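**Student:** This is the structure I have questions about; it appears just below.
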Amino acid sequence: MKKTTLSQIAIAQLTLGASLVIAPMTSAQAQTVDIMMRAPQVMPEPNAVITAERTRASNLFKALTSVSIPIDDPRLKSMETYIKAGNIAAAEHVATDDPLFYNFRVANLAAKMSTRDESARAPLSDFVATFVGVVRDSDSTPATQLLTGNFYYRGDNAVITANGGTALPEAPMDLFSLKGTHYSQIASRNYSLKAVLKRVDGQQIVVNNAAVAHPDPAGLITSVAFVGAHAVAGTNRRMVEYSYREFMCTPIANWADGTSPDDRVGQDVDRMPGGSPNKFLTTCKNCHANMDGQRGAFGFLDYNDNQGIATFSTTVVQKMLRNADQYPQGFRMTNTSWINYANVGKNADQFGWRSPASGTGIGQFATMLSKSQGFSRCMVRRVFTDVCKRAPVATEESMVRSVADQFEASNYHMRNLFEMVVLRPECGIN
């Protein structure tokens with residue numbers, strides 16, 4: 001079935017605009033809520049004076065939601081009032097409470113992180129929905145749980161049906177397969193993600209068409225979308241590579257290190273490419289030493305492309321042992337242990353590790369990433385790049401680290417991070 005992408009949602013929303021501001025609510029709370037993305041009626045005021053505060057409100061709203069709304073919109077008037085009173089935080093809250101913030105700014109940022117091509121056109125998925133849900137629920141959920149949480153977000157059928165919608169499909173193959181329709185129907189129906197998403201504790205995977213508890217949950221890293229993007233075929237090295245790329249903002253070339261031990265480099269890596277060991281020692285080893293040291297975390301993980309589901313074994317999956325005759329003396333994986341060799345020199349500084357450099361399984365690997373300074377700095381870089389429309393430059397590294405420290409001090413409050421970044425003078429939003 002054809003997926004509805006977030007970009008297609010955006011097209012619909014640009015036509016319809018935003019719904020009235022609504023607070024997050026659970027199924028047990030009052031059910032009167034607008035679950036659709038629709039525009040409120042705006043009465044034009046052709047003779048009104050557009051103050052500097054209203055203009056600033058418009059700039060902030062667009063930066064935080066990525067959507068321009070009419071200058072006479074009541075949301076901008078509300079923001080203007082707060083700005084005149086010197087309460088810029090309250091003005092920002094108007095924008096970050098709005099459904100447009102979640103359906104546009106947050107969802108598109110998450111979409112770029114969810115697939116291998118890093119495109120905002122990626123379909124709505126369990127990865128994107130969970131990222132959006134954590135941002136919405138930042139008051140109670142620190143962003144570190146994007147990597148460590150044993151939960152996911154899905155559509156809340158109780159809220160949807162109570163407000164006139166048709167229940168979303170929720171069979172295991174709809175929820176936990178990339179070929180399912182649960183998330184694509186949320187997108188195609190143009191629902192407000194703020195209104196309809198709910199958190200479900202306990203990640204699950206599909207075994208024989210039935211949902212079972214995930215044996216080694218690790219937030220977004222074990223989401224079906226992320227596994228489907230990076231554990232399909234291959235040897236699960238991409239799971240390590242893209243965990244660093246998406247959650248530490250560091251492509252493999254930037255954390256490669258030829259001085260790292262090569263005792264964990266797999267048997268499938270030729271030590272004599274082109275008949276000479278020099279290429280391995282000067283080129284191949286640089287990436288493989290660090291990447292192979294940690295890929296053991298994913299030793300039991302695989303992806304069934306035919307069904308679109310993640311699979312998990314109790315022994316090392318066969319693809320991790322393929323081409324063993326390439327270099328039989330190389331490392332042969334027998335369990336899910338891993339070692340982080342990217343913890344010296346430049347890597348020690350850029351990642352700022354604060355947890356053990358070895359462990360077992362995906363959950364411990366993800367915990368290591370989440371506790372690092374590299375993770376908090378990466379979240380700052382991602383938000384800055386998305387909101388300010390450019391990546392921080394090298395001379396702004398001190399700004400990135402300062403904001404990251406504030407982010408950690410706020411208990412990793414992801415929604416507040418957007419509000420902190422947009423006010424930075426480096427961002428250029430007046």
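Ordering of the structure tokens sets the chain letters (A, B, ...); residue numbers start at 1 within each chain; ligands are numbered from 1 in the order shown.
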Per DSSP on the backbone, filter region 20-259 of chain A down to the residues in helix (DSSP H, G or I) and report them as a PyMOL selection string.
**Tutor:** chain A and resi 52-65+74-84+88-96+99-114+126-136+145-148+157-162+172-175+182-188+193-196+219-222+224-230+237-247+252-254
**Student:** Out of region 90-273 of chain A, which residues get strand (DSSP E or B) from DSSP, as a PyMOL selection string?
**Tutor:** chain A and resi 123+151-155+191+197-201+204-207+210-213+266
**Student:** Would you write out, as CSV, a table of all residues in region 235-293 of chain A that have an atom no more than 12 Å from an atom of region 132-146 of chain A, listing for each the closest atom pair and the distance in Å to one decimal, considering only C-alpha atoms and ordering rows by chain and rising residue number?
**Tutor:**
residue,atom,partner,partner_atom,distance
A:Ser243,CA,A:Leu146,CA,11.8
A:Glu246,CA,A:Leu146,CA,11.7
A:Phe247,CA,A:Leu146,CA,9.4
**Student:** At a cut-off of 10 Å, using only C-alpha atoms, what residues contact Arg390 (chain A)? Leave out same-chain residues fewer than 6 positions from it and give the result as a PyMOL selection string.
**Tutor:** chain A and resi 381-382+384+427
**Student:** Write out as a PDB file with C-alpha atoms, in the first residue's frame each polymer residue whose atoms come within 10 Å of Thr314 (chain A), counting only C-alpha atoms; drop sequence neighbours fewer than 2 positions from it.
**Tutor:**
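Printed below is selection14.pdb as written:
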ATOM      1  CA  PRO A 215      13.607  -8.749  24.252  1.00  0.00           C
ATOM      2  CA  GLY A 299      24.113  -9.595  17.058  1.00  0.00           C
ATOM      3  CA  PHE A 300      20.615 -11.027  17.616  1.00  0.00           C
ATOM      4  CA  LEU A 301      18.744  -8.479  15.475  1.00  0.00           C
ATOM      5  CA  PHE A 312      15.111 -11.096  17.230  1.00  0.00           C
ATOM      6  CA  VAL A 316      23.868 -14.600  16.683  1.00  0.00           C
ATOM      7  CA  VAL A 317      22.024 -14.205  13.375  1.00  0.00           C
ATOM      8  CA  ASN A 335      27.100 -13.116  21.692  1.00  0.00           C
ATOM      9  CA  THR A 336      25.929  -9.504  21.911  1.00  0.00           C
TER      10      THR A 336
END
**Student:** Pick out the residues sitting within 7 Å of Ala404 (chain A), and hand them over as JSON, numbers by chain; count only C-alpha atoms, and ignore anything fewer than 4 positions along from it in its own chain.
**Tutor:** {"A": [376, 377, 380, 400, 408]}
**Student:** Please dump the current selection as an mmCIF file, in the first residue's frame; keep C-alpha atoms.
**Tutor:**
data_model
loop_
_atom_site.group_PDB
_atom_site.id
_atom_site.type_symbol
_atom_site.label_atom_id
_atom_site.label_comp_id
_atom_site.auth_asym_id
_atom_site.auth_seq_id
_atom_site.Cartn_x
_atom_site.Cartn_y
_atom_site.Cartn_z
ATOM 1 C CA SER A 376 22.805 16.406 24.077
ATOM 2 C CA ARG A 377 25.046 18.378 21.723
ATOM 3 C CA VAL A 380 21.107 21.068 19.940
ATOM 4 C CA VAL A 400 26.370 24.400 21.006
ATOM 5 C CA GLU A 408 20.771 18.719 30.330
#
**Student:** Name all residues at most 12 Å from region 80-83 of chain A (count only C-alpha atoms; drop same-chain ones fewer than 3 positions away) and give them as an MDAnalysis selection string.
**Tutor:** chainID A and resid 50:61 71:77 86:95
**Student:** Could you please take those selected residues and save N, CA and C atoms as a compact mmCIF listing (two decimals), in the first residue's frame?
**Tutor:**
# COMPACT_ATOMS: atom_id res chain seq x y z
N ILE A 50 0.44 47.27 12.56
CA ILE A 50 1.25 46.09 12.82
C ILE A 50 2.47 46.52 13.63
N THR A 51 2.46 46.18 14.89
CA THR A 51 3.53 46.61 15.78
C THR A 51 4.78 45.76 15.57
N ALA A 52 5.87 46.26 16.12
CA ALA A 52 7.13 45.50 16.07
C ALA A 52 6.97 44.19 16.83
N GLU A 53 6.18 44.22 17.90
CA GLU A 53 5.95 42.99 18.69
C GLU A 53 5.15 41.97 17.90
N ARG A 54 4.20 42.44 17.10
CA ARG A 54 3.42 41.49 16.26
C ARG A 54 4.32 40.89 15.19
N THR A 55 5.18 41.70 14.62
CA THR A 55 6.11 41.19 13.61
C THR A 55 7.04 40.15 14.22
N ARG A 56 7.53 40.44 15.42
CA ARG A 56 8.40 39.47 16.07
C ARG A 56 7.64 38.19 16.38
N ALA A 57 6.39 38.33 16.79
CA ALA A 57 5.56 37.15 17.05
C ALA A 57 5.43 36.30 15.79
N SER A 58 5.21 36.95 14.66
CA SER A 58 5.08 36.23 13.40
C SER A 58 6.37 35.50 13.05
N ASN A 59 7.50 36.16 13.26
CA ASN A 59 8.79 35.52 12.96
C ASN A 59 9.05 34.32 13.86
N LEU A 60 8.72 34.48 15.15
CA LEU A 60 8.93 33.37 16.08
C LEU A 60 8.00 32.21 15.76
N PHE A 61 6.75 32.53 15.45
CA PHE A 61 5.79 31.45 15.16
C PHE A 61 6.24 30.65 13.94
N ILE A 71 -1.16 37.69 9.61
CA ILE A 71 -0.69 38.62 10.62
C ILE A 71 -1.81 38.99 11.60
N ASP A 72 -3.08 38.80 11.20
CA ASP A 72 -4.22 39.09 12.06
C ASP A 72 -4.67 37.87 12.87
N ASP A 73 -3.95 36.77 12.77
CA ASP A 73 -4.33 35.55 13.47
C ASP A 73 -4.32 35.77 14.99
N PRO A 74 -5.31 35.27 15.69
CA PRO A 74 -5.37 35.48 17.16
C PRO A 74 -4.17 34.91 17.90
N ARG A 75 -3.51 33.89 17.35
CA ARG A 75 -2.32 33.36 18.01
C ARG A 75 -1.20 34.39 18.03
N LEU A 76 -1.07 35.14 16.96
CA LEU A 76 -0.04 36.17 16.92
C LEU A 76 -0.41 37.33 17.84
N LYS A 77 -1.68 37.63 17.94
CA LYS A 77 -2.11 38.68 18.86
C LYS A 77 -1.78 38.30 20.30
N GLY A 86 6.89 41.60 28.22
CA GLY A 86 8.22 41.10 28.54
C GLY A 86 8.27 39.62 28.86
N ASN A 87 7.21 38.90 28.53
CA ASN A 87 7.15 37.46 28.82
C ASN A 87 7.36 36.67 27.53
N ILE A 88 8.60 36.64 27.07
CA ILE A 88 8.89 35.98 25.80
C ILE A 88 8.66 34.48 25.88
N ALA A 89 8.88 33.90 27.07
CA ALA A 89 8.67 32.46 27.21
C ALA A 89 7.21 32.09 26.96
N ALA A 90 6.30 32.88 27.50
CA ALA A 90 4.87 32.60 27.29
C ALA A 90 4.51 32.77 25.81
N ALA A 91 5.13 33.75 25.15
CA ALA A 91 4.88 33.93 23.72
C ALA A 91 5.33 32.70 22.94
N GLU A 92 6.49 32.17 23.27
CA GLU A 92 6.98 30.97 22.58
C GLU A 92 6.07 29.78 22.83
N HIS A 93 5.53 29.68 24.05
CA HIS A 93 4.66 28.56 24.38
C HIS A 93 3.42 28.52 23.48
N VAL A 94 2.96 29.69 23.07
CA VAL A 94 1.81 29.72 22.15
C VAL A 94 2.14 28.93 20.89
N ALA A 95 3.34 29.12 20.37
CA ALA A 95 3.75 28.42 19.15
C ALA A 95 4.01 26.94 19.40
**Student:** Record the distance separating CA of Gly274 (chain A) and CA of Ala342 (chain A), expressed in Å with one decimal.
**Tutor:**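 According to the coordinates, CA of Gly274 (chain A) and CA of Ala342 (chain A) are separated by 27.5 Å.
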**Student:** Excluding Ser192 (chain A) and its own-chain neighbours fewer than 2 positions away, which residues fall within 10 Å of it when counting only C-alpha atoms? Please give them as a count of residues only.
**Tutor:** 22
**Student:** Between A:Pro169, A:Gly219, A:Gly164, A:Gly234, which one has atoms that come closest to Gly202 (chain A), using only C-alpha atoms?
**Tutor:**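 Ranked by minimum distance to Gly202 (chain A), first place goes to A:Gly219.
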